[in-house]
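**Q** What follows is a structure written as structure tokens; I'll ask about it next.
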Amino acid sequence: DGAGRANWQFEGQNEGQGEEQGPAGGAAPSVALDEIDATGLRLSFENLAKGSTQTLDFETLSLATADDKTRLRAAGLLGQSHWTIEGETGALVALGRSDGWPFELRFASDQASGSAKGSLGSGVHGGELKAQVALRLESDAGLLGLGIALPSLPMPVDASVTIVRTREQMRLDPLRITIAGQSLGGSATLQGGSETARLDAALSAESLDLGAWLKAPTTPAAQAAGASARGPIFGDTPLPWPTLPPLPLGLSFKVASLRLPGVPTIDGFSARVASTPERLRIEPVAFGAFGGQVAGHFELVPGVGAPPRVELKLDASALSVDRLDAWRTGSRRFNGGRVDLQLQLALAGRTPRSLAASATGNVLFTARDVRLTGRSAALGRDLVSRVLEGLLPSSTPRENLLVPCAVARLPLRQGVAPIDRSIALETQQIAVSASGNIDLNRQTLELAFHPRVKRGLDLNPGSLVDLVLLTGPLENPALSLNPRGAVRQAANIGIAGATGGLSLLLPALRAGEGEATCAQAMRAAGSASKPTAAPARSGTLLPRPFASRGASR
């Protein structure tokens, strides 16, 4: 009924004494049936609280009672699926008693089968349940046949669970689910009523391959090889932001060995998910990958009438450079080396472009003892290789080029990161720093690199280029060598507002007078506890012909 009371919980029950009475104050009606055979029977269950009705259409129904047990056989339709059920229950005359009503049943539909064994509470214990349940689904049709509507799952699905239900909660423990051959074990608890319900669950697995559940994406290397044309890194296609469930959730996951499509094996994965209708938080999340460790935090606030807000923290330490590059490019251009990444960002938006344009926070990347094998520095298309190729004298050997350190700190404010020698790298021959800016809103970068010869090396500074400019779209910036003469000429004739271009280049020129190394960049990173204020214009001016397309003038 509307108060949540079932019609086998008789109105006159005296719960204190366990006495069961009928609606008029007498004893509960006693119904003794020796045998029933029926065809064409329809049985309906009404839920007045929800205003819903579940109907079972029996083609055949057979009940036979002996020794306080009832033998059950039935066949019929549930929705569009044909099903059968057989087994034993307690006698119908015992359904109103308070000591529980036992059952042991087996059931099957077109694409599902299962069993249930336990005891159903009745009388003063109406609504209580203790049962061991097993279920196997061969296809999605099996779910519909059982009256269950769930998102599409890879098949087959096997589940086994021990259910203990009281008026206050329902506990599933132990719980084991196998989907397309991949198994998870754990427990779950649903507490409270319809207004205060909450679900908490803990799931774990020794090994889990999500490739059996997901459509396998291509690796970054395959994506790059298959792309017919380069486009913007951050697109305008709206992201599929999830609708958070109305039921508060608390979920924890632990997987000793986790495999994802296109990604090397992840070790020791653990995560805690907390969800309410207003907020999704994943904290902490931790795992081992690429020979290092990763820890992080993710928070999503969908917002009502406003763009979703995201808070992202990531701390990756001691990741293997050669493993990362082999995964990203499919090649072996590096030998050894470790990288660290610290990221703390706040973003808001519905598309990748709007998220990038709003990014505010800090990104710090460091690498150490990276050796470019063979002629990678000359032949590679990545930015580091291209910049080093432009900066090193042509007589410098490219074989097994060692980069002892590289640092990049991006103090982002509304998608713009002004760079003042907070990007630096060193080889055995030179130290390099960069100045300029990176604009995620325009998806452009404008950086000037100035090399400095290290002391004690037999290298003529006059053999170095004066500057290297890296400008243009993030996905494919252009490299310009030795533009000092053009800068001087631009300053002389007043192009770029006399100082617009020099505002980018002069910091790089000054770097040659002092320490332009990783240590300086790291000190700058350590002293920046807050994002640097955004420049007045999102694009720093470069003297023609080095101005990037779309830059402010």
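Chain labels run A, B, ... following the order of the structure tokens; each chain numbers its residues from 1, and ligands are numbered from 1 in the order shown.
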Could you list, as a VMD selection string, every residue within 7 Å of region 469-473 of chain A, counting only C-alpha atoms and ignoring same-chain residues fewer than 4 positions away?
**A** chain A and resid 443 to 449 477 to 481 548 to 549
**Q** Would you list the contacts of Asn362 (chain A) as number ranges by chain, taking every protein, DNA or RNA residue within 7 Å and counting only C-alpha atoms, but skipping same-chain residues closer than 3 positions in sequence?
**A** A: 343-345, 410-412, 531
**Q** Which residues come within 10 Å of Arg198 (chain A), counting only C-alpha atoms, excluding same-chain residues fewer than 3 positions away, as a PDB file with N, CA, C and O atoms, in the first residue's frame?
**A**
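Resulting contents of part24.pdb:
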ATOM      1  N   GLN A 169      17.973  -1.962   5.593  1.00  0.00           N
ATOM      2  CA  GLN A 169      18.988  -2.028   4.547  1.00  0.00           C
ATOM      3  C   GLN A 169      18.936  -3.355   3.809  1.00  0.00           C
ATOM      4  O   GLN A 169      18.301  -4.315   4.265  1.00  0.00           O
ATOM      5  N   THR A 189      25.996  -2.382  -0.080  1.00  0.00           N
ATOM      6  CA  THR A 189      24.950  -2.149   0.918  1.00  0.00           C
ATOM      7  C   THR A 189      24.067  -1.006   0.462  1.00  0.00           C
ATOM      8  O   THR A 189      24.566   0.081   0.120  1.00  0.00           O
ATOM      9  N   LEU A 190      22.758  -1.255   0.430  1.00  0.00           N
ATOM     10  CA  LEU A 190      21.773  -0.221   0.133  1.00  0.00           C
ATOM     11  C   LEU A 190      21.027   0.089   1.427  1.00  0.00           C
ATOM     12  O   LEU A 190      20.382  -0.782   2.004  1.00  0.00           O
ATOM     13  N   GLN A 191      21.140   1.329   1.887  1.00  0.00           N
ATOM     14  CA  GLN A 191      20.563   1.711   3.165  1.00  0.00           C
ATOM     15  C   GLN A 191      19.460   2.734   2.975  1.00  0.00           C
ATOM     16  O   GLN A 191      19.460   3.486   1.996  1.00  0.00           O
ATOM     17  N   GLY A 192      18.550   2.800   3.965  1.00  0.00           N
ATOM     18  CA  GLY A 192      17.518   3.819   3.984  1.00  0.00           C
ATOM     19  C   GLY A 192      16.348   3.497   3.098  1.00  0.00           C
ATOM     20  O   GLY A 192      16.315   2.511   2.354  1.00  0.00           O
ATOM     21  N   GLY A 193      15.337   4.382   3.170  1.00  0.00           N
ATOM     22  CA  GLY A 193      14.149   4.245   2.344  1.00  0.00           C
ATOM     23  C   GLY A 193      14.299   4.996   1.038  1.00  0.00           C
ATOM     24  O   GLY A 193      15.386   5.441   0.666  1.00  0.00           O
ATOM     25  N   SER A 194      13.168   5.157   0.347  1.00  0.00           N
ATOM     26  CA  SER A 194      13.206   5.797  -0.966  1.00  0.00           C
ATOM     27  C   SER A 194      13.675   7.241  -0.895  1.00  0.00           C
ATOM     28  O   SER A 194      14.272   7.757  -1.833  1.00  0.00           O
ATOM     29  N   GLU A 195      13.446   7.921   0.226  1.00  0.00           N
ATOM     30  CA  GLU A 195      13.843   9.324   0.346  1.00  0.00           C
ATOM     31  C   GLU A 195      15.275   9.477   0.820  1.00  0.00           C
ATOM     32  O   GLU A 195      15.924  10.487   0.546  1.00  0.00           O
ATOM     33  N   PRO A 246      20.547  10.083  -8.973  1.00  0.00           N
ATOM     34  CA  PRO A 246      19.903  10.731  -7.821  1.00  0.00           C
ATOM     35  C   PRO A 246      20.247  10.064  -6.498  1.00  0.00           C
ATOM     36  O   PRO A 246      20.107  10.667  -5.446  1.00  0.00           O
ATOM     37  N   LEU A 247      20.714   8.833  -6.570  1.00  0.00           N
ATOM     38  CA  LEU A 247      21.041   8.087  -5.363  1.00  0.00           C
ATOM     39  C   LEU A 247      22.487   8.359  -4.955  1.00  0.00           C
ATOM     40  O   LEU A 247      23.409   8.171  -5.756  1.00  0.00           O
ATOM     41  N   PRO A 248      22.752   8.834  -3.733  1.00  0.00           N
ATOM     42  CA  PRO A 248      24.143   9.016  -3.293  1.00  0.00           C
ATOM     43  C   PRO A 248      24.902   7.692  -3.334  1.00  0.00           C
ATOM     44  O   PRO A 248      24.387   6.646  -2.915  1.00  0.00           O
ATOM     45  N   LEU A 249      26.137   7.751  -3.846  1.00  0.00           N
ATOM     46  CA  LEU A 249      26.943   6.544  -4.025  1.00  0.00           C
ATOM     47  C   LEU A 249      28.289   6.707  -3.344  1.00  0.00           C
ATOM     48  O   LEU A 249      28.875   7.802  -3.343  1.00  0.00           O
ATOM     49  N   GLY A 250      28.796   5.622  -2.812  1.00  0.00           N
ATOM     50  CA  GLY A 250      30.168   5.547  -2.328  1.00  0.00           C
ATOM     51  C   GLY A 250      30.759   4.247  -2.810  1.00  0.00           C
ATOM     52  O   GLY A 250      30.364   3.166  -2.357  1.00  0.00           O
ATOM     53  N   THR A 276      27.035  12.430  -5.516  1.00  0.00           N
ATOM     54  CA  THR A 276      25.723  12.933  -5.115  1.00  0.00           C
ATOM     55  C   THR A 276      25.101  13.546  -6.361  1.00  0.00           C
ATOM     56  O   THR A 276      25.776  13.701  -7.385  1.00  0.00           O
TER      57      THR A 276
END
**Q** Just the residues within 7 Å of region 346-358 of chain A, please, counting only C-alpha atoms, with nothing from its chain fewer than 3 positions along; format it as a ChimeraX atom specification.
**A** /A:234-239,307-312,361,414-415,440-441
**Q** Could you name the residues that touch Cys518 (chain A) at 10 Å or less, counting only C-alpha atoms, but leaving out those on the same chain fewer than 3 positions away, as a PyMOL selection string?
**A** chain A and resi 366-368+404-408+421-426+431-433+515+521-524
**Q** By how many Å are CA of Val468 (chain A) and CA of Asn335 (chain A) apart?
**A**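 Taking CA of Val468 (chain A) and CA of Asn335 (chain A), their separation equals 26.2 Å.
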**Q** Just the residues within 7 Å of region 183-188 of chain A, please, counting only C-alpha atoms, with nothing from its chain fewer than 6 positions along; format it as a list of chain:residue names.
**A** A:Arg171, A:Leu172, A:Asp173, A:Pro174, A:Leu175, A:Arg176, A:Ile177, A:Asp200, A:Ala201, A:Ala202, A:Leu203, A:Ser204, A:Ala205
**Q** Taking only region 266-476 of chain A into account, list the residues labelled helix (DSSP H, G or I) by DSSP (computed from the backbone), as a PyMOL selection string.
**A** chain A and resi 321-329+352-358+376-379+383-391+461-463
**Q** Using only C-alpha atoms, which residues sit within 10 Å of Leu319 (chain A) once same-chain residues fewer than 5 positions away are excluded, as an MDAnalysis selection string?
**A** chainID A and resid 288:294 324 337:341 367
**Q** Rounded to one decimal place, report the CA of Thr265 (chain A)-CA of Ser152 (chain A) distance in Å.
**A**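 Pair CA of Thr265 (chain A) / CA of Ser152 (chain A) returns 25.8 Å.
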